[in-house]
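So this one's upload-v7.pdb, PDB, C-alpha atoms:
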MODEL        1
ATOM      1  CA  VAL N   1      21.950 -23.875  32.060  1.00  0.00           C
ATOM      2  CA  PHE N   2      19.494 -22.864  34.761  1.00  0.00           C
ATOM      3  CA  ILE N   3      15.842 -23.919  34.797  1.00  0.00           C
ATOM      4  CA  ALA N   4      13.386 -22.047  37.037  1.00  0.00           C
ATOM      5  CA  LEU N   5      10.287 -23.613  38.543  1.00  0.00           C
ATOM      6  CA  ARG N   6       8.282 -20.384  38.186  1.00  0.00           C
ATOM      7  CA  ASP N   7       8.044 -17.370  35.877  1.00  0.00           C
ATOM      8  CA  GLY N   8       9.667 -14.064  36.742  1.00  0.00           C
ATOM      9  CA  TYR N   9      12.895 -12.092  36.638  1.00  0.00           C
ATOM     10  CA  VAL N  10      16.316 -13.399  37.625  1.00  0.00           C
ATOM     11  CA  TYR N  11      17.595 -11.555  40.691  1.00  0.00           C
ATOM     12  CA  LYS N  12      21.126 -11.903  42.074  1.00  0.00           C
ATOM     13  CA  ASP N  13      21.401 -11.686  45.844  1.00  0.00           C
ATOM     14  CA  GLY N  14      25.087 -12.077  46.743  1.00  0.00           C
ATOM     15  CA  ASP N  15      26.138 -15.488  45.409  1.00  0.00           C
ATOM     16  CA  PHE N  16      22.567 -16.711  44.955  1.00  0.00           C
ATOM     17  CA  TYR N  17      20.103 -16.308  42.117  1.00  0.00           C
ATOM     18  CA  THR N  18      16.365 -16.233  42.739  1.00  0.00           C
ATOM     19  CA  ILE N  19      13.277 -15.654  40.625  1.00  0.00           C
ATOM     20  CA  LYS N  20      11.125 -12.667  41.604  1.00  0.00           C
ATOM     21  CA  ASP N  21       7.696 -11.793  40.282  1.00  0.00           C
ATOM     22  CA  GLU N  22       8.363  -8.063  40.827  1.00  0.00           C
ATOM     23  CA  MET N  23      11.246  -5.966  39.597  1.00  0.00           C
ATOM     24  CA  GLU N  24      12.195  -2.301  39.870  1.00  0.00           C
ATOM     25  CA  ILE N  25      14.575  -0.773  37.379  1.00  0.00           C
ATOM     26  CA  LYS N  26      15.771   2.809  36.905  1.00  0.00           C
ATOM     27  CA  GLN N  27      15.520   2.856  33.116  1.00  0.00           C
ATOM     28  CA  ILE N  28      15.100   0.490  30.152  1.00  0.00           C
ATOM     29  CA  ASN N  29      17.638   1.414  27.498  1.00  0.00           C
ATOM     30  CA  ILE N  30      20.274  -0.098  25.221  1.00  0.00           C
ATOM     31  CA  LYS N  31      22.394  -1.052  28.273  1.00  0.00           C
ATOM     32  CA  THR N  32      19.623  -3.034  29.981  1.00  0.00           C
ATOM     33  CA  GLY N  33      18.219  -4.405  26.722  1.00  0.00           C
ATOM     34  CA  ASN N  34      14.671  -5.394  25.866  1.00  0.00           C
ATOM     35  CA  VAL N  35      12.420  -7.037  28.457  1.00  0.00           C
ATOM     36  CA  ARG N  36      10.564  -9.947  26.864  1.00  0.00           C
ATOM     37  CA  GLY N  37       8.790 -13.160  27.658  1.00  0.00           C
ATOM     38  CA  ALA N  38       6.891 -12.188  30.808  1.00  0.00           C
ATOM     39  CA  LYS N  39       3.580 -11.067  29.303  1.00  0.00           C
ATOM     40  CA  ASP N  40       1.788 -14.351  30.064  1.00  0.00           C
ATOM     41  CA  ALA N  41       3.260 -14.825  33.542  1.00  0.00           C
ATOM     42  CA  ASN N  42       2.125 -12.971  36.636  1.00  0.00           C
ATOM     43  CA  VAL N  43       5.034 -10.531  36.934  1.00  0.00           C
ATOM     44  CA  LYS N  44       5.213  -6.815  37.680  1.00  0.00           C
ATOM     45  CA  LEU N  45       7.834  -4.370  36.400  1.00  0.00           C
ATOM     46  CA  GLU N  46       8.311  -0.799  37.605  1.00  0.00           C
ATOM     47  CA  VAL N  47      10.498   1.657  35.677  1.00  0.00           C
ATOM     48  CA  LYS N  48      11.419   4.453  38.080  1.00  0.00           C
ATOM     49  CA  GLU N  49      13.035   7.146  35.874  1.00  0.00           C
ATOM     50  CA  ASN N  50      10.765  10.196  36.220  1.00  0.00           C
ATOM     51  CA  ASN N  51      12.970  13.027  34.944  1.00  0.00           C
ATOM     52  CA  ALA N  52      10.939  14.910  32.304  1.00  0.00           C
ATOM     53  CA  LEU N  53      14.071  15.385  30.166  1.00  0.00           C
ATOM     54  CA  LYS N  54      14.925  11.645  30.098  1.00  0.00           C
ATOM     55  CA  GLU N  55      13.047   8.611  28.903  1.00  0.00           C
ATOM     56  CA  ALA N  56      12.160   5.816  31.287  1.00  0.00           C
ATOM     57  CA  ILE N  57      11.823   3.492  28.288  1.00  0.00           C
ATOM     58  CA  ALA N  58      14.327   4.576  25.668  1.00  0.00           C
ATOM     59  CA  ASP N  59      13.962   4.717  21.883  1.00  0.00           C
ATOM     60  CA  ASN N  60      13.400   1.391  20.066  1.00  0.00           C
ATOM     61  CA  MET N  61      13.076  -0.660  23.284  1.00  0.00           C
ATOM     62  CA  ILE N  62      10.580  -3.541  23.604  1.00  0.00           C
ATOM     63  CA  VAL N  63       8.909  -4.306  26.938  1.00  0.00           C
ATOM     64  CA  GLU N  64       6.594  -7.293  27.431  1.00  0.00           C
ATOM     65  CA  THR N  65       5.243  -7.989  30.921  1.00  0.00           C
ATOM     66  CA  THR N  66       2.021  -8.681  32.806  1.00  0.00           C
ATOM     67  CA  GLU N  67       1.944  -5.427  34.774  1.00  0.00           C
ATOM     68  CA  LEU N  68       4.039  -2.359  33.961  1.00  0.00           C
ATOM     69  CA  ILE N  69       4.369   0.928  35.838  1.00  0.00           C
ATOM     70  CA  VAL N  70       6.373   3.630  34.054  1.00  0.00           C
ATOM     71  CA  ARG N  71       7.059   6.705  36.216  1.00  0.00           C
ATOM     72  CA  GLY N  72       8.399   8.739  33.274  1.00  0.00           C
ATOM     73  CA  ASN N  73       8.326   8.982  29.477  1.00  0.00           C
ATOM     74  CA  VAL N  74       8.234   6.399  26.683  1.00  0.00           C
ATOM     75  CA  GLY N  75      10.642   7.004  23.799  1.00  0.00           C
ATOM     76  CA  LYS N  76      10.465   6.938  20.002  1.00  0.00           C
ATOM     77  CA  SER N  77       9.533   3.606  18.374  1.00  0.00           C
ATOM     78  CA  ALA N  78       9.277   1.882  21.765  1.00  0.00           C
ATOM     79  CA  LYS N  79       6.900  -1.085  21.879  1.00  0.00           C
ATOM     80  CA  ILE N  80       5.041  -2.049  25.053  1.00  0.00           C
ATOM     81  CA  VAL N  81       2.888  -5.153  25.528  1.00  0.00           C
ATOM     82  CA  ALA N  82       1.207  -5.553  28.943  1.00  0.00           C
ATOM     83  CA  LYS N  83      -2.032  -6.710  30.494  1.00  0.00           C
ATOM     84  CA  LYS N  84      -2.072  -3.817  32.976  1.00  0.00           C
ATOM     85  CA  LEU N  85      -0.213  -0.562  32.289  1.00  0.00           C
ATOM     86  CA  GLN N  86       0.375   2.802  33.949  1.00  0.00           C
ATOM     87  CA  ILE N  87       2.443   5.569  32.323  1.00  0.00           C
ATOM     88  CA  ASN N  88       2.817   8.692  34.466  1.00  0.00           C
ATOM     89  CA  GLY N  89       4.826  10.610  31.848  1.00  0.00           C
ATOM     90  CA  GLN N  90       4.142  10.917  28.137  1.00  0.00           C
ATOM     91  CA  THR N  91       4.403   8.671  25.113  1.00  0.00           C
ATOM     92  CA  HIS N  92       6.291   9.530  21.937  1.00  0.00           C
ATOM     93  CA  GLN N  93       4.349   9.938  18.660  1.00  0.00           C
ATOM     94  CA  LYS N  94       5.931   6.765  17.252  1.00  0.00           C
ATOM     95  CA  ALA N  95       5.505   4.593  20.368  1.00  0.00           C
ATOM     96  CA  LYS N  96       3.229   1.559  20.002  1.00  0.00           C
ATOM     97  CA  ILE N  97       1.416   0.225  23.058  1.00  0.00           C
ATOM     98  CA  TYR N  98      -0.812  -2.825  23.495  1.00  0.00           C
ATOM     99  CA  ALA N  99      -2.534  -3.294  26.871  1.00  0.00           C
ATOM    100  CA  ASN N 100      -5.785  -4.723  28.239  1.00  0.00           C
ATOM    101  CA  LYS N 101      -6.153  -1.989  30.890  1.00  0.00           C
ATOM    102  CA  ALA N 102      -4.106   1.182  30.732  1.00  0.00           C
ATOM    103  CA  PHE N 103      -3.707   4.652  32.215  1.00  0.00           C
ATOM    104  CA  ILE N 104      -1.542   7.195  30.385  1.00  0.00           C
ATOM    105  CA  ASN N 105      -0.929  10.752  31.574  1.00  0.00           C
ATOM    106  CA  VAL N 106      -0.081  12.359  28.180  1.00  0.00           C
ATOM    107  CA  HIS N 107      -0.554  10.249  25.051  1.00  0.00           C
ATOM    108  CA  LYS N 108       0.900  11.131  21.648  1.00  0.00           C
ATOM    109  CA  GLY N 109       1.531   7.657  20.182  1.00  0.00           C
ATOM    110  CA  TYR N 110      -0.613   4.617  19.365  1.00  0.00           C
ATOM    111  CA  ILE N 111      -2.400   2.448  21.928  1.00  0.00           C
ATOM    112  CA  GLU N 112      -4.638  -0.556  21.451  1.00  0.00           C
ATOM    113  CA  GLY N 113      -6.486  -2.353  24.233  1.00  0.00           C
ATOM    114  CA  LYS N 114      -9.716  -3.051  26.069  1.00  0.00           C
ATOM    115  CA  GLU N 115     -10.081  -0.330  28.713  1.00  0.00           C
ATOM    116  CA  ILE N 116      -7.995   2.828  28.260  1.00  0.00           C
ATOM    117  CA  ILE N 117      -7.917   5.946  30.465  1.00  0.00           C
ATOM    118  CA  ILE N 118      -5.920   8.947  29.255  1.00  0.00           C
ATOM    119  CA  ASN N 119      -5.438  12.200  31.131  1.00  0.00           C
ATOM    120  CA  ARG N 120      -4.545  14.250  28.015  1.00  0.00           C
ATOM    121  CA  LEU N 121      -4.616  13.078  24.407  1.00  0.00           C
ATOM    122  CA  GLU N 122      -2.288  15.152  22.211  1.00  0.00           C
ATOM    123  CA  GLY N 123      -2.578  13.892  18.653  1.00  0.00           C
ATOM    124  CA  GLY N 124      -2.285  10.208  19.543  1.00  0.00           C
ATOM    125  CA  SER N 125      -4.371   7.286  18.334  1.00  0.00           C
ATOM    126  CA  VAL N 126      -6.515   5.074  20.555  1.00  0.00           C
ATOM    127  CA  LYS N 127      -8.231   1.825  19.576  1.00  0.00           C
ATOM    128  CA  ALA N 128     -10.132   0.072  22.373  1.00  0.00           C
ATOM    129  CA  ASP N 129     -13.431  -1.255  23.671  1.00  0.00           C
ATOM    130  CA  LYS N 130     -13.867   1.476  26.284  1.00  0.00           C
ATOM    131  CA  VAL N 131     -12.036   4.824  26.318  1.00  0.00           C
ATOM    132  CA  LYS N 132     -12.148   7.653  28.878  1.00  0.00           C
ATOM    133  CA  ILE N 133     -10.186  10.826  28.188  1.00  0.00           C
ATOM    134  CA  ASN N 134     -10.055  13.852  30.486  1.00  0.00           C
ATOM    135  CA  GLN N 135      -8.788  16.314  27.855  1.00  0.00           C
ATOM    136  CA  ALA N 136      -8.411  15.763  24.099  1.00  0.00           C
ATOM    137  CA  ILE N 137      -6.296  18.135  22.024  1.00  0.00           C
ATOM    138  CA  GLY N 138      -6.164  16.397  18.662  1.00  0.00           C
ATOM    139  CA  GLY N 139      -6.054  12.698  17.922  1.00  0.00           C
ATOM    140  CA  LYS N 140      -8.093   9.761  16.724  1.00  0.00           C
ATOM    141  CA  ILE N 141     -10.251   7.428  18.803  1.00  0.00           C
ATOM    142  CA  ILE N 142     -11.880   4.202  17.598  1.00  0.00           C
ATOM    143  CA  ALA N 143     -13.877   2.388  20.287  1.00  0.00           C
ATOM    144  CA  LYS N 144     -17.161   0.844  21.321  1.00  0.00           C
ATOM    145  CA  GLU N 145     -17.709   3.437  24.070  1.00  0.00           C
ATOM    146  CA  VAL N 146     -16.005   6.833  24.393  1.00  0.00           C
ATOM    147  CA  GLU N 147     -16.217   9.366  27.219  1.00  0.00           C
ATOM    148  CA  LEU N 148     -14.543  12.753  26.791  1.00  0.00           C
ATOM    149  CA  ASP N 149     -14.503  15.362  29.578  1.00  0.00           C
ATOM    150  CA  ILE N 150     -13.041  18.296  27.612  1.00  0.00           C
ATOM    151  CA  VAL N 151     -12.684  18.298  23.819  1.00  0.00           C
ATOM    152  CA  GLY N 152     -10.381  20.746  22.045  1.00  0.00           C
ATOM    153  CA  SER N 153      -9.819  20.816  18.298  1.00  0.00           C
ATOM    154  CA  HIS N 154      -8.703  18.376  15.605  1.00  0.00           C
ATOM    155  CA  ILE N 155     -10.104  15.182  17.070  1.00  0.00           C
ATOM    156  CA  LYS N 156     -11.782  12.303  15.260  1.00  0.00           C
ATOM    157  CA  VAL N 157     -13.983   9.966  17.285  1.00  0.00           C
ATOM    158  CA  TYR N 158     -15.585   6.770  15.994  1.00  0.00           C
ATOM    159  CA  ALA N 159     -17.739   4.652  18.310  1.00  0.00           C
ATOM    160  CA  LEU N 160     -20.043   1.638  17.954  1.00  0.00           C
ATOM    161  CA  LYS N 161     -22.229   2.262  21.030  1.00  0.00           C
ATOM    162  CA  GLU N 162     -21.884   5.775  22.427  1.00  0.00           C
ATOM    163  CA  ILE N 163     -19.846   8.961  22.590  1.00  0.00           C
ATOM    164  CA  ILE N 164     -20.220  11.126  25.687  1.00  0.00           C
ATOM    165  CA  ILE N 165     -18.780  14.656  25.490  1.00  0.00           C
ATOM    166  CA  LYS N 166     -19.053  16.725  28.667  1.00  0.00           C
ATOM    167  CA  LYS N 167     -17.541  20.013  27.437  1.00  0.00           C
ATOM    168  CA  ILE N 168     -16.371  21.420  24.104  1.00  0.00           C
ATOM    169  CA  LYS N 169     -13.697  24.053  24.486  1.00  0.00           C
ATOM    170  CA  LYS N 170     -13.403  26.466  21.583  1.00  0.00           C
ATOM    171  CA  ARG N 171     -11.471  29.561  20.705  1.00  0.00           C
ATOM    172  CA  ILE N 172     -13.244  32.917  20.496  1.00  0.00           C
ATOM    173  CA  GLY N 173     -15.068  33.216  17.179  1.00  0.00           C
ATOM    174  CA  GLU N 174     -14.744  29.485  16.426  1.00  0.00           C
ATOM    175  CA  THR N 175     -17.801  27.312  15.815  1.00  0.00           C
ATOM    176  CA  PRO N 176     -17.573  23.645  16.840  1.00  0.00           C
ATOM    177  CA  ILE N 177     -18.429  21.176  14.088  1.00  0.00           C
ATOM    178  CA  LEU N 178     -20.096  17.909  15.103  1.00  0.00           C
ATOM    179  CA  THR N 179     -20.850  15.326  12.423  1.00  0.00           C
ATOM    180  CA  ASN N 180     -22.452  11.898  12.545  1.00  0.00           C
TER     181      ASN N 180
ENDMDL
END

What does the file become when written as structure tokens?
Amino acid sequence: VFIALRDGYVYKDGDFYTIKDEMEIKQINIKTGNVRGAKDANVKLEVKENNALKEAIADNMIVETTELIVRGNVGKSAKIVAKKLQINGQTHQKAKIYANKAFINVHKGYIEGKEIIINRLEGGSVKADKVKINQAIGGKIIAKEVELDIVGSHIKVYALKEIIIKKIKKRIGETPILTN
């Protein structure tokens, strides 16, 4: 039995074990197992797999940490809990994410948090206090404040304070429908 004096990840350096507050890993999958228990500590995890054909966080994996950087994609039914999150790839439709502050490149799953920035929303769901989306192509947003740069079709937006839409992109012959 080992007892650490601080929170973090166990790191083996030769014959010695230390506790680090940062960890880099190629991929989180069935071989590495779930990463749990670090969401309340001050630890940072970086998942480096960035191949578009592979998942950085595989199907059904659970990741809980303070700060998470995912260079690639998040798989089916993956669950992420983090205070600060960055996903440079895309999320699967069945992925569930909970984060205080988050940036996602392409979002197709479900995210809940306080401050969410998404580059492209593709049919995903967002529930947060403040949401900023560069391009929305389908999806559902529930928030206090919403800012959308470019809005495509099939999007539902519900806000308590304000909705800012900078540009509505439509197909030729199509009339945009805005309702209260």

Selection result of the PyMOL selection byres ((chain N and resi 144-161) around 8) on this file, as a list in words: Gly123, Ala128, Asp129, Lys130, Val131, Lys132, Ile133, Asn134, Gln135, Ala136, Ile137, Gly138, Gly139, Lys140, Ile141, Ile142, Ala143, Glu162, Ile163, Ile164, Ile165, Lys166, Lys167, Ile168, Lys169 and Lys170 of chain N

Coordinates-based distance that separates atom CA of N:Ile19 from atom CA of N:Tyr98 (Å, one decimal):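 That distance, rounded to one decimal, is 25.6 Å.
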
Among the residues N:Leu53, N:Ala99, N:Lys12, N:Arg36, the one that comes closest to N:Glu67 [using all atoms listed in the file]: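 Smallest separation from N:Glu67 among the options: N:Ala99.
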
Distance criterion (all atoms listed in the file): nearest to N:Gln90 out of N:Lys108, N:Lys48, N:Lys127, N:Lys54: N:Lys108

Option closest in space to N:Ile118, from N:Gly14, N:Gly33, N:Gly89, N:Gly75 [counting all atoms listed in the file]: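 Comparing N:Gly14, N:Gly33, N:Gly89, N:Gly75 against N:Ile118, the winner is N:Gly89.
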
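Closest to N:Ile28 among N:Asn42, N:Leu5, N:Asp13, N:Ala58 is N:Ala58, based on all atoms listed in the file.
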
Proximity to N:Ala82 - best of N:Glu112, N:Glu55, N:Glu24, N:Glu49, only C-alpha atoms: N:Glu112

With 5 Å added on each side, what axis-aligned box encloses every listed atom of stretch 62-68 of chain N? Give the centre and edge lengths in Å to one decimal, as lines of an AutoDock Vina configuration file.
center_x = 6.3
center_y = -5.5
center_z = 29.2
size_x = 18.6
size_y = 16.3
size_z = 21.2
